[in-house]
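Structure file work_14.tsv (TSV, C-alpha atoms) follows.
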chain	number	residue	atom	x	y	z
A	11	PHE	CA	-14.62	53.88	-14.34
A	12	GLY	CA	-14.79	57.61	-15.07
A	13	ASN	CA	-15.85	60.82	-13.34
A	14	LEU	CA	-15.36	59.48	-9.82
A	15	ARG	CA	-15.39	61.77	-6.80
A	16	GLU	CA	-14.53	59.05	-4.34
A	17	CYS	CA	-14.29	55.29	-4.15
A	18	SER	CA	-12.65	52.58	-2.05
A	19	VAL	CA	-9.99	49.95	-2.64
A	20	GLU	CA	-9.38	46.81	-0.64
A	21	THR	CA	-6.91	43.96	-1.17
A	22	PRO	CA	-6.39	40.64	0.64
A	23	ALA	CA	-2.73	41.35	1.48
A	24	GLY	CA	-2.22	45.10	1.25
A	25	PHE	CA	-0.84	47.22	-1.60
A	26	THR	CA	1.59	49.94	-2.56
A	27	ALA	CA	0.53	53.31	-3.98
A	28	GLU	CA	2.87	55.41	-6.09
A	29	GLY	CA	2.55	58.87	-7.55
A	30	VAL	CA	3.60	58.64	-11.19
A	31	GLY	CA	4.90	62.19	-11.54
A	32	ASN	CA	6.54	62.89	-8.19
A	33	GLY	CA	7.51	59.36	-7.13
A	34	ILE	CA	5.87	59.71	-3.71
A	35	ALA	CA	4.94	56.23	-2.55
A	36	ALA	CA	3.16	54.67	0.40
A	37	ASP	CA	2.89	51.09	1.56
A	38	PHE	CA	-0.40	49.81	2.96
A	39	SER	CA	-0.66	46.55	4.87
A	40	ASP	CA	-4.25	47.25	5.89
A	41	THR	CA	-6.72	44.91	4.19
A	42	ASP	CA	-9.80	46.95	5.09
A	43	ARG	CA	-11.41	49.29	2.58
A	44	MET	CA	-9.16	52.25	1.86
A	45	PRO	CA	-10.93	55.47	0.80
A	46	ILE	CA	-9.72	57.08	-2.43
A	47	GLY	CA	-10.56	60.72	-3.11
A	48	ILE	CA	-9.38	63.92	-4.75
A	49	GLN	CA	-7.96	66.96	-2.99
A	50	ASN	CA	-6.32	70.06	-4.47
A	51	GLY	CA	-6.07	68.36	-7.87
A	52	ARG	CA	-4.30	65.29	-6.50
A	53	ILE	CA	-5.31	61.73	-5.61
A	54	ARG	CA	-5.67	61.05	-1.91
A	55	VAL	CA	-5.20	57.46	-0.70
A	56	GLY	CA	-6.34	57.22	2.88
A	57	GLU	CA	-4.51	60.10	4.59
A	58	HIS	CA	-1.77	60.26	1.93
A	59	LEU	CA	-1.99	63.02	-0.68
A	60	LEU	CA	0.03	61.71	-3.63
A	61	ASP	CA	-0.10	62.94	-7.25
A	62	LYS	CA	-2.37	63.57	-10.25
A	63	THR	CA	-1.77	59.98	-11.33
A	64	VAL	CA	-1.42	57.17	-8.79
A	65	ILE	CA	-0.82	53.46	-9.39
A	66	ILE	CA	-2.15	50.96	-6.85
A	67	ARG	CA	-0.23	47.66	-6.95
A	68	PRO	CA	-1.83	44.86	-4.89
A	69	LYS	CA	0.46	42.39	-3.18
A	70	ASP	CA	0.22	38.64	-3.75
A	71	PRO	CA	-2.42	37.31	-4.74
A	72	PHE	CA	-2.46	40.42	-6.98
A	73	PHE	CA	-6.11	41.40	-7.10
A	74	PHE	CA	-8.13	44.24	-5.64
A	75	ARG	CA	-11.71	45.28	-5.05
A	76	LEU	CA	-12.90	48.64	-6.28
A	77	ASP	CA	-16.10	49.60	-4.46
A	78	GLY	CA	-16.58	45.90	-3.80
A	79	ARG	CA	-15.97	44.68	-7.38
A	80	GLY	CA	-13.00	42.37	-7.78
A	81	PHE	CA	-10.37	42.70	-10.53
A	82	ARG	CA	-6.96	41.24	-11.24
A	83	GLY	CA	-3.86	43.37	-11.88
A	84	ASN	CA	-3.23	47.00	-10.92
A	85	VAL	CA	-5.43	50.06	-10.91
A	86	THR	CA	-4.40	53.58	-11.92
A	87	PHE	CA	-6.26	56.62	-10.62
A	88	GLN	CA	-5.89	59.71	-12.77
A	89	VAL	CA	-7.27	63.21	-12.16
A	90	ASN	CA	-9.54	64.35	-14.99
A	91	GLU	CA	-9.17	67.66	-16.81
A	92	ASP	CA	-11.82	69.31	-14.61
A	93	ALA	CA	-9.51	68.67	-11.60
A	94	ASN	CA	-12.60	67.79	-9.54
A	95	SER	CA	-13.00	64.14	-10.52
A	96	PHE	CA	-10.83	61.17	-11.44
A	97	SER	CA	-10.86	57.99	-13.50
A	98	ALA	CA	-9.87	54.44	-12.60
A	99	VAL	CA	-8.11	52.25	-15.18
A	100	ASN	CA	-7.45	48.56	-14.57
A	101	SER	CA	-4.09	47.42	-16.00
A	102	VAL	CA	-4.19	43.66	-16.44
A	103	PRO	CA	-2.43	41.03	-18.60
A	104	LEU	CA	-4.40	39.99	-21.67
A	105	GLU	CA	-5.16	36.45	-20.54
A	106	SER	CA	-6.24	37.64	-17.08
A	107	TYR	CA	-8.46	40.24	-18.74
A	108	LEU	CA	-10.15	37.53	-20.80
A	109	LEU	CA	-11.07	35.62	-17.65
A	110	GLY	CA	-13.33	38.57	-16.83
A	111	VAL	CA	-14.75	38.87	-20.36
A	112	VAL	CA	-15.71	35.40	-21.57
A	113	GLY	CA	-18.14	34.69	-18.72
A	114	ALA	CA	-19.57	38.20	-18.95
A	115	GLU	CA	-20.22	38.02	-22.70
A	116	MET	CA	-21.40	34.39	-22.89
A	117	HIS	CA	-23.21	32.15	-20.41
A	118	SER	CA	-20.43	30.44	-18.47
A	119	TYR	CA	-22.42	27.18	-18.30
A	120	TRP	CA	-22.49	26.85	-22.10
A	121	GLU	CA	-20.60	24.19	-24.01
A	122	PRO	CA	-16.80	24.26	-23.65
A	123	GLU	CA	-16.27	24.61	-27.42
A	124	ALA	CA	-18.57	27.64	-27.55
A	125	LEU	CA	-16.66	29.21	-24.67
A	126	LYS	CA	-13.36	28.57	-26.46
A	127	ALA	CA	-14.71	30.23	-29.60
A	128	GLN	CA	-15.74	33.21	-27.47
A	129	ALA	CA	-12.27	33.38	-25.91
A	130	VAL	CA	-10.49	33.53	-29.28
A	131	THR	CA	-13.00	36.06	-30.58
A	132	ALA	CA	-12.73	38.32	-27.51
A	133	ARG	CA	-8.92	38.13	-27.55
A	134	THR	CA	-8.82	39.13	-31.22
A	135	TYR	CA	-11.30	41.96	-30.71
A	136	CYS	CA	-9.36	43.28	-27.72
A	137	LEU	CA	-6.05	43.47	-29.60
A	138	ALA	CA	-7.65	45.06	-32.67
A	139	ILE	CA	-9.33	47.83	-30.65
A	140	LYS	CA	-6.18	48.40	-28.59
A	141	HIS	CA	-4.13	48.70	-31.79
A	142	ARG	CA	-6.62	51.03	-33.45
A	143	PHE	CA	-7.49	53.38	-30.57
A	144	GLY	CA	-5.36	52.63	-27.51
A	145	SER	CA	-2.29	54.72	-28.37
A	146	GLY	CA	-4.22	57.98	-28.15
A	147	ARG	CA	-5.74	57.49	-24.69
A	148	ALA	CA	-4.94	56.28	-21.20
A	149	TRP	CA	-6.96	53.07	-21.61
A	150	ASP	CA	-7.44	50.46	-24.31
A	151	LEU	CA	-11.07	49.35	-23.94
A	152	THR	CA	-14.12	50.25	-21.92
A	153	ARG	CA	-15.61	47.62	-19.62
A	154	THR	CA	-19.08	47.97	-21.17
A	155	GLN	CA	-20.88	46.89	-24.32
A	156	ALA	CA	-19.36	49.93	-26.05
A	157	ASN	CA	-16.43	47.52	-26.49
A	158	GLN	CA	-16.95	44.23	-24.67
A	159	VAL	CA	-18.25	43.58	-21.18
A	160	TYR	CA	-15.55	43.02	-18.53
A	161	ASP	CA	-16.74	41.99	-15.07
A	162	GLY	CA	-13.44	40.92	-13.53
A	163	LEU	CA	-13.51	38.21	-10.87
A	164	ALA	CA	-17.32	38.06	-10.89
A	165	ALA	CA	-17.28	36.55	-14.39
A	166	GLU	CA	-14.73	33.83	-13.63
A	167	ASN	CA	-15.36	30.17	-12.99
A	168	THR	CA	-13.67	26.88	-13.80
A	169	ARG	CA	-15.27	26.51	-17.25
A	170	VAL	CA	-14.27	30.01	-18.28
A	171	ARG	CA	-10.74	29.52	-17.01
A	172	GLN	CA	-10.41	26.26	-18.94
A	173	ALA	CA	-11.62	27.92	-22.15
A	174	VAL	CA	-9.15	30.79	-21.83
A	175	LEU	CA	-6.22	28.53	-20.90
A	176	ALA	CA	-7.00	26.05	-23.68
A	177	THR	CA	-6.79	28.84	-26.28
A	178	THR	CA	-3.99	30.90	-24.71
A	179	GLY	CA	-2.59	33.38	-27.23
A	180	GLN	CA	-4.85	32.28	-30.08
A	181	ILE	CA	-6.25	35.01	-32.32
A	182	LEU	CA	-7.86	35.23	-35.73
A	183	ILE	CA	-6.22	36.82	-38.73
A	184	GLY	CA	-7.83	37.44	-42.10
A	185	LYS	CA	-6.91	38.43	-45.62
A	186	ARG	CA	-6.74	42.09	-46.54
A	187	SER	CA	-7.68	43.47	-49.94
A	188	ASP	CA	-3.97	43.95	-50.71
A	189	GLY	CA	-3.35	40.23	-50.29
A	190	GLY	CA	-1.69	40.43	-46.89
A	191	GLU	CA	-3.02	39.25	-43.56
A	192	SER	CA	-3.80	41.04	-40.32
A	193	PHE	CA	-5.91	40.73	-37.22
A	194	PHE	CA	-9.19	42.63	-37.15
A	195	PRO	CA	-12.10	43.49	-34.83
A	196	ALA	CA	-13.66	40.04	-34.50
A	197	TYR	CA	-17.20	41.31	-34.04
A	198	TYR	CA	-19.81	39.15	-32.35
A	199	SER	CA	-23.41	39.46	-31.21
A	200	SER	CA	-25.93	37.50	-29.19
A	201	SER	CA	-28.20	36.23	-31.97
A	202	CYS	CA	-27.98	36.98	-35.70
A	203	GLY	CA	-31.64	36.22	-36.39
A	204	GLY	CA	-30.86	33.46	-38.86
A	205	HIS	CA	-28.18	35.10	-41.00
A	206	THR	CA	-25.10	37.12	-40.12
A	207	GLU	CA	-24.45	40.33	-42.05
A	208	ASP	CA	-21.58	41.49	-44.23
A	209	SER	CA	-19.35	43.62	-41.99
A	210	ARG	CA	-19.11	46.37	-44.62
A	211	ALA	CA	-22.87	46.86	-44.55
A	212	ILE	CA	-22.85	47.53	-40.80
A	213	PHE	CA	-19.46	49.02	-39.96
A	214	GLY	CA	-18.13	50.17	-43.34
A	215	GLU	CA	-14.86	49.24	-44.99
A	216	ASP	CA	-12.21	47.59	-42.85
A	217	ALA	CA	-8.84	46.00	-43.49
A	218	VAL	CA	-10.50	42.58	-43.30
A	219	SER	CA	-14.10	42.28	-44.49
A	220	LEU	CA	-16.41	39.52	-43.25
A	221	PRO	CA	-19.19	38.10	-45.45
A	222	GLY	CA	-22.50	37.06	-43.95
A	223	VAL	CA	-23.41	33.40	-43.52
A	224	GLU	CA	-26.69	31.58	-42.99
A	225	CYS	CA	-27.08	30.45	-39.38
A	226	PRO	CA	-29.63	27.69	-38.73
A	227	TRP	CA	-28.63	27.21	-35.08
A	228	CYS	CA	-29.42	30.37	-33.13
A	229	LYS	CA	-33.22	30.09	-33.49
A	230	SER	CA	-33.27	27.03	-31.23
A	231	ILE	CA	-30.86	28.48	-28.66
A	232	ALA	CA	-31.91	32.13	-28.25
A	233	ARG	CA	-34.81	33.04	-26.01
A	234	ARG	CA	-37.87	33.50	-28.18
A	235	LYS	CA	-38.23	37.17	-27.16
A	236	ASP	CA	-34.64	37.79	-28.23
A	237	PHE	CA	-34.98	36.01	-31.56
A	238	TYR	CA	-38.39	37.49	-32.45
A	239	TRP	CA	-39.13	41.00	-31.18
A	240	GLY	CA	-41.42	43.94	-31.78
A	241	PRO	CA	-43.52	45.79	-32.59
A	242	VAL	CA	-41.79	48.93	-31.24
A	243	PHE	CA	-43.15	52.43	-31.88
A	244	TYR	CA	-41.55	55.88	-31.63
A	245	THR	CA	-43.21	59.18	-32.42
A	246	MET	CA	-41.29	61.41	-34.84
A	247	GLU	CA	-40.91	63.93	-31.99
A	248	THR	CA	-39.10	61.27	-29.96
A	249	VAL	CA	-37.03	60.18	-32.97
A	250	SER	CA	-35.96	63.77	-33.62
A	251	ALA	CA	-35.12	64.48	-29.98
A	252	LYS	CA	-33.08	61.32	-29.51
A	253	LEU	CA	-31.11	61.73	-32.73
A	254	ILE	CA	-30.27	65.38	-32.08
A	255	GLU	CA	-29.32	64.61	-28.50
A	256	ARG	CA	-26.80	62.02	-29.68
A	257	TYR	CA	-25.64	64.00	-32.74
A	258	PRO	CA	-25.89	67.74	-31.99
A	259	SER	CA	-24.77	68.58	-35.54
A	260	LEU	CA	-28.22	67.44	-36.69
A	261	THR	CA	-29.66	70.66	-35.27
A	262	ARG	CA	-29.01	72.10	-38.73
A	263	LEU	CA	-32.08	70.10	-39.83
A	264	GLU	CA	-34.07	72.08	-37.19
A	265	ARG	CA	-36.31	69.10	-36.49
A	266	ILE	CA	-36.30	65.65	-38.08
A	267	THR	CA	-39.70	65.14	-39.68
A	268	ASP	CA	-39.17	62.07	-41.85
A	269	ILE	CA	-36.75	59.25	-42.60
A	270	GLU	CA	-36.06	57.03	-45.59
A	271	VAL	CA	-34.38	53.64	-45.63
A	272	MET	CA	-31.63	54.23	-48.19
A	273	GLN	CA	-29.98	50.82	-48.05
A	274	ASN	CA	-30.77	47.39	-46.77
A	275	GLY	CA	-28.09	44.79	-46.13
A	276	HIS	CA	-27.97	41.57	-48.08
A	277	TYR	CA	-30.29	39.87	-45.60
A	278	GLY	CA	-32.87	42.50	-44.71
A	279	ARG	CA	-31.15	44.75	-42.17
A	280	PHE	CA	-31.62	48.47	-42.65
A	281	THR	CA	-28.06	49.71	-43.02
A	282	GLN	CA	-28.35	53.35	-44.13
A	283	ILE	CA	-31.03	55.85	-43.08
A	284	ARG	CA	-31.68	59.26	-44.66
A	285	LEU	CA	-32.92	61.93	-42.24
A	286	ILE	CA	-35.13	64.71	-43.54
A	287	GLY	CA	-35.44	67.96	-41.63
A	288	ALA	CA	-38.25	70.45	-41.23
A	289	ASN	CA	-36.23	72.97	-43.28
A	290	GLY	CA	-35.71	70.51	-46.13
A	291	SER	CA	-32.10	69.70	-45.21
A	292	LYS	CA	-31.00	66.08	-45.29
A	293	ASP	CA	-28.41	63.93	-43.61
A	294	SER	CA	-27.79	60.21	-43.16
A	295	LEU	CA	-26.79	57.69	-40.51
A	296	ARG	CA	-25.71	54.10	-40.55
A	297	GLY	CA	-28.53	51.83	-39.54
A	298	GLU	CA	-26.76	50.62	-36.40
A	299	ASP	CA	-26.11	54.21	-35.27
A	300	PHE	CA	-29.77	55.04	-35.93
A	301	ARG	CA	-30.94	52.07	-33.86
A	302	LEU	CA	-28.69	52.84	-30.89
A	303	SER	CA	-29.63	56.52	-30.99
A	304	LEU	CA	-33.25	55.58	-30.46
A	305	ASP	CA	-32.43	52.86	-27.92
A	306	SER	CA	-28.98	53.16	-26.38
A	307	THR	CA	-29.50	49.96	-24.37
A	308	GLY	CA	-30.20	47.88	-27.48
A	309	ARG	CA	-32.79	45.95	-25.47
A	310	ARG	CA	-35.91	47.40	-27.09
A	311	LEU	CA	-34.74	47.81	-30.68
A	312	LYS	CA	-32.72	44.62	-30.55
A	313	SER	CA	-31.33	44.68	-34.09
A	314	THR	CA	-31.59	46.39	-37.47
A	315	LEU	CA	-33.19	43.26	-38.92
A	316	ALA	CA	-36.71	44.67	-38.94
A	317	ILE	CA	-39.27	46.38	-41.14
A	318	ILE	CA	-39.82	50.12	-40.58
A	319	THR	CA	-43.31	51.43	-41.28
A	320	LYS	CA	-44.40	55.07	-41.04
A	321	THR	CA	-47.69	55.27	-39.17
A	322	ASN	CA	-49.59	57.50	-36.74
A	323	GLY	CA	-47.01	60.25	-36.90
A	324	GLY	CA	-44.11	57.98	-36.05
A	325	LEU	CA	-42.08	54.89	-36.87
A	326	LEU	CA	-43.17	51.32	-36.23
A	327	PHE	CA	-40.48	48.62	-36.14
A	328	GLU	CA	-42.01	45.23	-36.91
A	329	GLU	CA	-41.00	41.63	-37.53
A	330	GLY	CA	-37.73	42.13	-35.71
A	331	ARG	CA	-35.29	39.25	-35.50
A	332	GLY	CA	-32.04	38.75	-33.66
A	333	PHE	CA	-30.25	40.54	-30.84
A	334	GLY	CA	-27.26	42.72	-31.71
A	335	HIS	CA	-25.54	43.99	-34.85
A	336	GLY	CA	-25.35	40.54	-36.47
A	337	VAL	CA	-21.74	40.66	-37.70
A	338	GLY	CA	-19.26	37.84	-37.11
A	339	LEU	CA	-19.81	35.23	-34.42
A	340	CYS	CA	-23.42	34.52	-33.49
A	341	GLN	CA	-23.09	33.48	-29.84
A	342	CYS	CA	-26.31	31.48	-29.78
A	343	GLY	CA	-25.32	29.88	-33.05
A	344	ALA	CA	-21.93	28.95	-31.60
A	345	GLN	CA	-23.69	27.21	-28.71
A	346	GLY	CA	-25.90	25.34	-31.17
A	347	MET	CA	-22.91	24.20	-33.21
A	348	ALA	CA	-21.06	23.10	-30.07
A	349	ARG	CA	-24.07	21.05	-28.97
A	350	GLU	CA	-23.91	19.23	-32.29
A	351	GLY	CA	-20.29	18.28	-31.62
A	352	LEU	CA	-18.39	20.87	-33.68
A	353	ASP	CA	-15.22	22.18	-32.08
A	354	TYR	CA	-14.25	25.82	-31.64
A	355	THR	CA	-12.00	25.92	-34.71
A	356	GLU	CA	-14.93	24.78	-36.88
A	357	ILE	CA	-17.21	27.35	-35.24
A	358	LEU	CA	-14.75	30.18	-35.88
A	359	SER	CA	-14.05	29.20	-39.49
A	360	PHE	CA	-17.81	29.16	-40.13
A	361	TYR	CA	-18.58	32.62	-38.75
A	362	TYR	CA	-15.31	34.20	-39.93
A	363	PRO	CA	-14.86	32.77	-43.45
A	364	GLY	CA	-11.40	33.07	-44.92
A	365	THR	CA	-9.68	33.58	-41.56
A	366	ARG	CA	-7.28	31.36	-39.67
A	367	ILE	CA	-6.06	30.96	-36.10
A	368	VAL	CA	-2.52	31.89	-35.13
A	369	THR	CA	-0.86	31.87	-31.70
A	370	ILE	CA	0.92	34.89	-30.25
A	371	GLU	CA	3.03	35.13	-27.13
A	372	THR	CA	1.10	36.45	-24.14
A	373	PRO	CA	1.73	36.38	-20.40
A	374	ALA	CA	-0.18	33.56	-18.75
A	375	ALA	CA	-3.11	34.42	-16.53
A	376	PRO	CA	-2.10	34.42	-12.84
Can the structure in the file be given as structure tokens, please?
Amino acid sequence: FGNLRECSVETPAGFTAEGVGNGIAADFSDTDRMPIGIQNGRIRVGEHLLDKTVIIRPKDPFFFRLDGRGFRGNVTFQVNEDANSFSAVNSVPLESYLLGVVGAEMHSYWEPEALKAQAVTARTYCLAIKHRFGSGRAWDLTRTQANQVYDGLAAENTRVRQAVLATTGQILIGKRSDGGESFFPAYYSSSCGGHTEDSRAIFGEDAVSLPGVECPWCKSIARRKDFYWGPVFYTMETVSAKLIERYPSLTRLERITDIEVMQNGHYGRFTQIRLIGANGSKDSLRGEDFRLSLDSTGRRLKSTLAIITKTNGGLLFEEGRGFGHGVGLCQCGAQGMAREGLDYTEILSFYYPGTRIVTIETPAAP
């Protein structure tokens, strides 16, 4: 949670609050909502003015509610650079974190083997993103689709808990080009549209590259409107405005008047787009960046597996298939495989060819 001016915290058995820099601490036995705010560049907890960074540690049973949303672990409030707002970061053990991810990213009533596959995938993705980006910031992952959705206690149920516990510590590792092995961002999406895509075509080179595979299962699992979508139309004025808003450096093109599909993936996804400006200048974007610039929600332009036609002064996206970037695990496909009796190890080896499962030591979920 970022750019907060105020919020509230409540716990079932009270909490302690500690200023990280000055060591000022306060103990709260009150279980009612406690207001959190900012005053003179410091975090205020109730009537206590503490420090620029404050850690809230709930007492047993070790969870809290932030503005009514429940999460396990601790929460750190940190004043932002503007000194007029603050951020909230949930610090939580890996396995406890996954309890809030698996049921948020996949239907919690789906087959147990599909949920186990999702748990291993989400655990691997989490560690890869933390390793790649976490050291340079106060948090490891966002709680949104920018990384993977984390809904805390609201996403938990018995089936999710069983899937996480059954796969505790299990992650995927794959072969690097130098012959070694390492973990990697285990990408996944809702529906691949019938064929997953080579990871290099969508995200560029990575330590571990994933080839695409044909997926005959997701068509029967995905909602029809999520497997087949379109047509979707954008005027060139809208295309130009949205792209420049997301990438201000494109103002050097003055106005984007045309586009060209430079590359298609192996299975029909547009993977590289050339942008042509009113002044004749050119630039390019990856297909996935182009799609999400035009539709940041990803719910209108649901994938890059579509045909782009120039018509009526704009772009028409037709014959769209699939929902998401299409790399790695196809969630609907995983459900289809699980329904046919395949276990989670078979599901993972299918969508992540050449990888294997290893077990690491992690704290158990409370």
One decimal place gives the atom CA of Pro71 of chain A-atom CA of Leu175 of chain A separation as 18.8 Å
Each segment 75-126 of chain A residue no farther than 7 Å from segment 346-355 of chain A, nearest pair in Å, only C-alpha atoms, as a Markdown table:
| residue | atom | partner | partner_atom | distance |
| --- | --- | --- | --- | --- |
| A:Glu121 | CA | A:Ala348 | CA | 6.2 |
| A:Glu123 | CA | A:Tyr354 | CA | 4.8 |
| A:Ala124 | CA | A:Ala348 | CA | 5.8 |
| A:Lys126 | CA | A:Tyr354 | CA | 5.9 |
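The interatomic distance for the pair atom CA of Ala217 of chain A and atom CA of Gly184 of chain A works out to 8.7 Å.
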May I ask which of the residues A:Thr21, A:Thr307, A:Asn167, A:Ser294 is the closest one to Arg75 of chain A, counting all atoms listed in the file? A:Thr21
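Using all atoms listed in the file, the set of residues no farther than 6 Å from the position (-1.4, 55.0, -7.0) comprises Ala27, Glu28, Gly29, Val64, Ile65, Ile66 and Thr86 of chain A.
Separating atom CA of Pro122 of chain A from atom CA of Ala176 of chain A is a distance of 10.0 Å.
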Tell me which protein, DNA and RNA residues are within 9 Å of Pro221 of chain A, counting only C-alpha atoms, leaving out same-chain ones fewer than 4 positions away, and put them as a PyMOL selection string. chain A and resi 206-210+337-338+361-363
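For the choices A:Gly83, A:Gly330, A:Gly179, A:Pro195, the atom-to-atom distance to Ala138 of chain A is smallest for A:Pro195 when using only C-alpha atoms.
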What's around Arg79 of chain A at 12 Å? Count all atoms listed in the file, leave out sequence neighbours fewer than 2 positions away in its own chain, and write the answer as a ChimeraX atom specification. /A:11,17-21,43,73-77,81-82,100,110,160-165
Export C-alpha atoms of the chosen residues as a compact mmCIF listing (two decimals), in the coordinates of the input?
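Written out: part02.txt:
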# COMPACT_ATOMS: atom_id res chain seq x y z
CA PHE A 11 -14.62 53.88 -14.34
CA CYS A 17 -14.29 55.29 -4.15
CA SER A 18 -12.65 52.58 -2.05
CA VAL A 19 -9.99 49.95 -2.64
CA GLU A 20 -9.38 46.81 -0.64
CA THR A 21 -6.91 43.96 -1.17
CA ARG A 43 -11.41 49.29 2.58
CA PHE A 73 -6.11 41.40 -7.10
CA PHE A 74 -8.13 44.24 -5.64
CA ARG A 75 -11.71 45.28 -5.05
CA LEU A 76 -12.90 48.64 -6.28
CA ASP A 77 -16.10 49.60 -4.46
CA PHE A 81 -10.37 42.70 -10.53
CA ARG A 82 -6.96 41.24 -11.24
CA ASN A 100 -7.45 48.56 -14.57
CA GLY A 110 -13.33 38.57 -16.83
CA TYR A 160 -15.55 43.02 -18.53
CA ASP A 161 -16.74 41.99 -15.07
CA GLY A 162 -13.44 40.92 -13.53
CA LEU A 163 -13.51 38.21 -10.87
CA ALA A 164 -17.32 38.06 -10.89
CA ALA A 165 -17.28 36.55 -14.39
Of A:Val99, A:Arg54, A:Val85, A:Arg309, the one nearest to Ile34 of chain A when counting only C-alpha atoms is A:Arg54
Compare A:Arg256, A:His141, A:Arg296, A:Lys320 by their minimum atom-to-atom distance to Asp268 of chain A, counting only C-alpha atoms, and give me the closest one. A:Lys320
Excluding same-chain residues fewer than 2 positions from Leu304 of chain A, what lies within 7 Å of it counting only C-alpha atoms, as number ranges by chain? A: 249, 252-253, 300-302, 306
Close residues, Trp120 of chain A itself excluded, 12 Å, all atoms listed in the file, min 6 positions apart in chain, as a list in words: Val112, Gly113, Lys126, Ala127, Gln128, Arg169, Val170, Ala173, Ile231, Gln341, Cys342, Gly343, Ala344, Gln345, Gly346, Met347, Ala348 and Arg349 of chain A
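Of the listed residues (A:Ser187, A:Thr26, A:Asn90, A:Ser39), A:Thr26 comes nearest to Leu60 of chain A; the distances count only C-alpha atoms.
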Determine, counting all atoms listed in the file, which protein, DNA and RNA residues have an atom within 7 Å of an atom of Glu298 of chain A; residues of the same chain fewer than 4 positions away are not included. Present the result as a PyMOL selection string. chain A and resi 212+281+302+314+335
Taking only C-alpha atoms into account, name the residue in A:Glu115, A:Asp42, A:Asp37, A:Asp70 that is nearest to Cys340 of chain A. A:Glu115
